[in-house]
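Asker: One structure is given below, represented as C-alpha cells, and several questions about it will come after.
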Amino acid sequence: MKVRSVLCLALFFVATAIPAAAQETGAVKKLRDSGEIVLGVRDASIPFSYADETGLSIGYSVELCTRVVDHLRQTLKMPGLKVRQQLVTSANRVPLVLNGTVDLECGSTVNNIERQKTVAFSLTTFIVNTKFIVKASSSIQKMADLKGKTVSVTSGTNTMQKITALNKQMNLDLSVINGKDHAESFLLLKNDRVAAFSEDDILLAGLAAT
C-alpha cells in the first residue's frame with residue numbers, strides 16, 4: 001500500500017515518561033527488593049519502541065531506557081539488576097507508571113502540561129509534527145478535502161484532542177474511529193475503513209515503511 005503524509009497540524013515534543021517519584025527512596029527500595037526494573041514498551045511505535053521478530057521490543061526509546069538501566073546498575077551497585085519488559089498501550093501507559101506496574105515507559109509519549117501533572121519526563125529526545133496519512137491513490141490533498149470523511153486516531157493519545165479541536169474549528173464534520181494501538185489505526189486505513197489516519201509524523205513514517 002502506497003501512502004503519503006499531508007497536512008501539518010502542530011509541533012510537539014516526544015520524550016520518555018518516568019515516575020514523578022523516581023528519585024525517592026521508595027522507588028529505589030522497590031528496585032532493591034525486587035532485583036528488577038520494569039520497562040513499559042510498545043509493539044508498534046516505530047522507530048521508538050516496537051516488537052522484533054522474537055517479540056522483544058527494540059527501538060530508540062528502548063535503547064535510551066537500557067542506558068538508564070546501565071547507569072542505575074552502576075550508581076546503585078546492583079550489577080545483577082534484571083530487566084523485564086511490560087507491553088503498554090497509549091491508553092494505559094501513564095496509569096501503569098503511576099501505579100508502579102512500570103518503572104520506566106520507553107515509547108513515544110508526548111511531553112505536555114497535562115501529563116506533567118502526574119509523571120516526569122526525560123530530556124526531549126525527538127520533535128514531531130502531527131499529521132494525517134492517506135493512501136497515495138486518495139484524492140485528499142488539503143485539509144478541506146477531509147470534510148465529511150472518517151479518520152482513525154489511536155485511543156489514549158493526545159491526537160484525539162487535536163482532531164476534536166480541528167473538527168470544530170474548520171467545521172469538517174469528521175467521524176472518528178479509535179484504534180486500540182497504532183497498528184490497528186493504520187490497518188483501518190489500509191483496509192479502507194477510514195480515509196486518513198492522524199498521528200505523529202515519525203510514527204506514521206515508520207508504519208508506512210513496514
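Residue numbering restarts at 1 in every chain; chains get A, B, ... in the order shown in the C-alpha cells, and ligands count up from 1 in that same order.
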Could you list, as a list in words, every residue within 9 Å of A:Leu87, counting only C-alpha atoms and ignoring same-chain residues fewer than 6 positions away?
Answerer: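 Contacts, in chain order: Leu39, Gly40, Val41, Arg42, Asp43, Ser57 and Arg93 of chain A.
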Asker: Sorted by chain and rising residue number, list the residues of stretch 80-198 of chain A at most 12 Å from stretch 58-74 of chain A (counting only C-alpha atoms), each with its closest atom pair and distance in Å to one decimal, as a Markdown table.
Answerer:
```
| residue | atom | partner | partner_atom | distance |
| --- | --- | --- | --- | --- |
| A:Gly80 | CA | A:Arg73 | CA | 7.4 |
| A:Leu81 | CA | A:Arg73 | CA | 6.2 |
| A:Lys82 | CA | A:Val69 | CA | 9.0 |
| A:Val83 | CA | A:Val69 | CA | 8.0 |
| A:Arg84 | CA | A:Thr66 | CA | 11.0 |
| A:Gln85 | CA | A:Val62 | CA | 9.8 |
| A:Gln86 | CA | A:Val62 | CA | 11.8 |
| A:Leu87 | CA | A:Ile58 | CA | 11.9 |
| A:Asp103 | CA | A:Cys65 | CA | 10.4 |
| A:Leu104 | CA | A:Cys65 | CA | 7.3 |
| A:Glu105 | CA | A:Cys65 | CA | 8.2 |
| A:Cys106 | CA | A:Ser61 | CA | 5.1 |
| A:Gly107 | CA | A:Ser61 | CA | 5.7 |
| A:Ser108 | CA | A:Ser61 | CA | 7.4 |
| A:Thr109 | CA | A:Ser61 | CA | 10.0 |
| A:Ser122 | CA | A:Leu64 | CA | 10.0 |
| A:Leu123 | CA | A:Leu64 | CA | 11.0 |
| A:Thr124 | CA | A:Ser61 | CA | 11.2 |
| A:Thr125 | CA | A:Ser61 | CA | 8.5 |
| A:Phe126 | CA | A:Ser61 | CA | 10.0 |
```
Asker: Would you mind exporting the chosen residues as a compact mmCIF listing (two decimals), in the first residue's frame, restricted to N, CA and C atoms?
Answerer:
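Final file, part_8.txt:
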```
# COMPACT_ATOMS: atom_id res chain seq x y z
N GLY A 80 23.55 -6.95 39.00
CA GLY A 80 22.63 -8.02 38.61
C GLY A 80 21.21 -7.57 38.40
N LEU A 81 20.98 -6.25 38.38
CA LEU A 81 19.63 -5.73 38.18
C LEU A 81 19.04 -6.26 36.87
N LYS A 82 17.92 -6.97 36.98
CA LYS A 82 17.30 -7.57 35.81
C LYS A 82 16.34 -6.59 35.13
N VAL A 83 16.09 -6.83 33.87
CA VAL A 83 15.16 -6.00 33.10
C VAL A 83 14.01 -6.85 32.61
N ARG A 84 12.80 -6.38 32.86
CA ARG A 84 11.61 -7.07 32.34
C ARG A 84 10.78 -6.08 31.53
N GLN A 85 10.38 -6.50 30.36
CA GLN A 85 9.55 -5.66 29.50
C GLN A 85 8.07 -5.92 29.76
N GLN A 86 7.30 -4.84 29.84
CA GLN A 86 5.85 -4.92 30.02
C GLN A 86 5.21 -4.16 28.88
N LEU A 87 4.41 -4.85 28.08
CA LEU A 87 3.76 -4.19 26.96
C LEU A 87 2.70 -3.22 27.46
N ASP A 103 8.21 0.88 35.72
CA ASP A 103 9.15 1.82 36.32
C ASP A 103 9.55 2.92 35.33
N LEU A 104 9.79 2.55 34.09
CA LEU A 104 10.13 3.50 33.03
C LEU A 104 9.31 3.17 31.80
N GLU A 105 8.70 4.17 31.19
CA GLU A 105 7.95 3.93 29.95
C GLU A 105 8.85 4.33 28.79
N CYS A 106 9.09 3.38 27.92
CA CYS A 106 10.03 3.58 26.81
C CYS A 106 9.25 3.54 25.49
N GLY A 107 8.68 4.67 25.13
CA GLY A 107 7.85 4.68 23.92
C GLY A 107 7.95 5.99 23.18
N SER A 108 6.80 6.55 22.84
CA SER A 108 6.76 7.80 22.07
C SER A 108 5.78 8.76 22.71
N THR A 109 5.82 8.84 24.03
CA THR A 109 4.86 9.64 24.77
C THR A 109 5.18 11.13 24.67
N SER A 122 11.92 12.57 30.67
CA SER A 122 13.34 12.72 30.39
C SER A 122 13.54 14.00 29.58
N LEU A 123 14.79 14.29 29.25
CA LEU A 123 15.04 15.38 28.31
C LEU A 123 14.38 15.03 26.98
N THR A 124 14.01 16.04 26.23
CA THR A 124 13.37 15.82 24.93
C THR A 124 14.30 15.03 24.01
N THR A 125 13.77 13.99 23.42
CA THR A 125 14.57 13.15 22.53
C THR A 125 14.16 13.27 21.07
N PHE A 126 12.98 13.84 20.81
CA PHE A 126 12.56 13.98 19.42
C PHE A 126 11.47 15.05 19.31
```
Asker: Just want the 12 Å neighbourhood of A:Asp33, counted on only C-alpha atoms, with same-chain residues fewer than 4 positions away dropped. Output as a ChimeraX atom specification.
Answerer: /A:25-29,37,78,81-82
Asker: So which bits of stretch 63-202 of chain A end up strand (DSSP E) when you DSSP the backbone, as number ranges by chain?
Answerer: A: 82-87, 104-106, 119-121, 126-135, 150-154, 175-179, 196-200
Asker: Hey, which of A:Thr101, A:Gln116, A:Ser90, A:Ser49 ends up closest to A:Met160? Count only C-alpha atoms.
Answerer: A:Ser90
Asker: So what do you get for atom CA of A:Asp52 versus atom CA of A:His182, distance-wise?
Answerer: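 Those two atoms sit 15.8 Å apart.
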Asker: From a backbone DSSP assignment, name each residue in chain A labelled helix (DSSP H, G or I), as a PyMOL selection string.
Answerer: chain A and resi 25-34+60-75+93-98+113-116+143-146+159-170+182-190+201-209
Asker: Separation of atom CA of A:Leu96 and atom CA of A:Ser198, in Å?
Answerer: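 We find that atom CA of A:Leu96 and atom CA of A:Ser198 lie 24.7 Å from each other.
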Asker: For stretch 185-192 of chain A, please output as a VMD selection string all residues within 10 Å (counting only C-alpha atoms; exclusion window: fewer than 6 positions along the same chain).
Answerer: chain A and resid 1 to 3 133 to 135 150 to 155 177 to 179 198 to 199 204 207 to 208
Asker: Keeping C-alpha atoms, export the residues of the selection given above as a PDB file, in the first residue's frame.
Answerer:
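Listing of result-v1.pdb after writing:
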```
ATOM      1  CA  MET A   1       0.000   0.000   0.000  1.00  0.00           C
ATOM      2  CA  LYS A   2       1.478   3.340  -1.039  1.00  0.00           C
ATOM      3  CA  VAL A   3       0.911   6.163   1.387  1.00  0.00           C
ATOM      4  CA  ILE A 133      -1.564   9.941   6.362  1.00  0.00           C
ATOM      5  CA  VAL A 134      -3.665   8.862   3.366  1.00  0.00           C
ATOM      6  CA  LYS A 135      -3.329   6.367   0.564  1.00  0.00           C
ATOM      7  CA  THR A 150     -13.933   9.160   8.564  1.00  0.00           C
ATOM      8  CA  VAL A 151     -10.472   9.172  10.148  1.00  0.00           C
ATOM      9  CA  SER A 152      -8.705   6.917  12.623  1.00  0.00           C
ATOM     10  CA  VAL A 153      -6.979   8.004  15.836  1.00  0.00           C
ATOM     11  CA  THR A 154      -5.316   5.740  18.391  1.00  0.00           C
ATOM     12  CA  SER A 155      -7.039   5.542  21.774  1.00  0.00           C
ATOM     13  CA  ILE A 177     -12.765   5.569  14.735  1.00  0.00           C
ATOM     14  CA  ASN A 178     -10.362   4.742  17.556  1.00  0.00           C
ATOM     15  CA  GLY A 179      -7.778   2.029  17.046  1.00  0.00           C
ATOM     16  CA  SER A 198      -3.714  11.010  12.225  1.00  0.00           C
ATOM     17  CA  GLU A 199      -0.640  10.654  14.443  1.00  0.00           C
ATOM     18  CA  LEU A 204       3.304   7.371  10.510  1.00  0.00           C
ATOM     19  CA  LEU A 207       4.269   2.309   9.878  1.00  0.00           C
ATOM     20  CA  ALA A 208       4.266   3.198   6.185  1.00  0.00           C
TER      21      ALA A 208
END
```
Asker: Atom CA of A:Phe197 and atom CA of A:Met170, how far apart in Å?
Answerer: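 It comes out at 17.6 Å.
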Asker: Go through A:Val38, A:Met143, A:Ile46, A:Ala51 one by one, measure the shortest atom-to-atom distance of each to A:Val97 using only C-alpha atoms, and give the residue with the smallest value.
Answerer: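 Of A:Val38, A:Met143, A:Ile46, A:Ala51, the one nearest A:Val97, counting only C-alpha atoms, is A:Val38.
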Asker: Which is closer to A:Asp200 than all the others in A:Lys180, A:Lys131, A:Lys142, A:Lys168, using only C-alpha atoms?
Answerer: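 Smallest separation from A:Asp200 among the options: A:Lys131.
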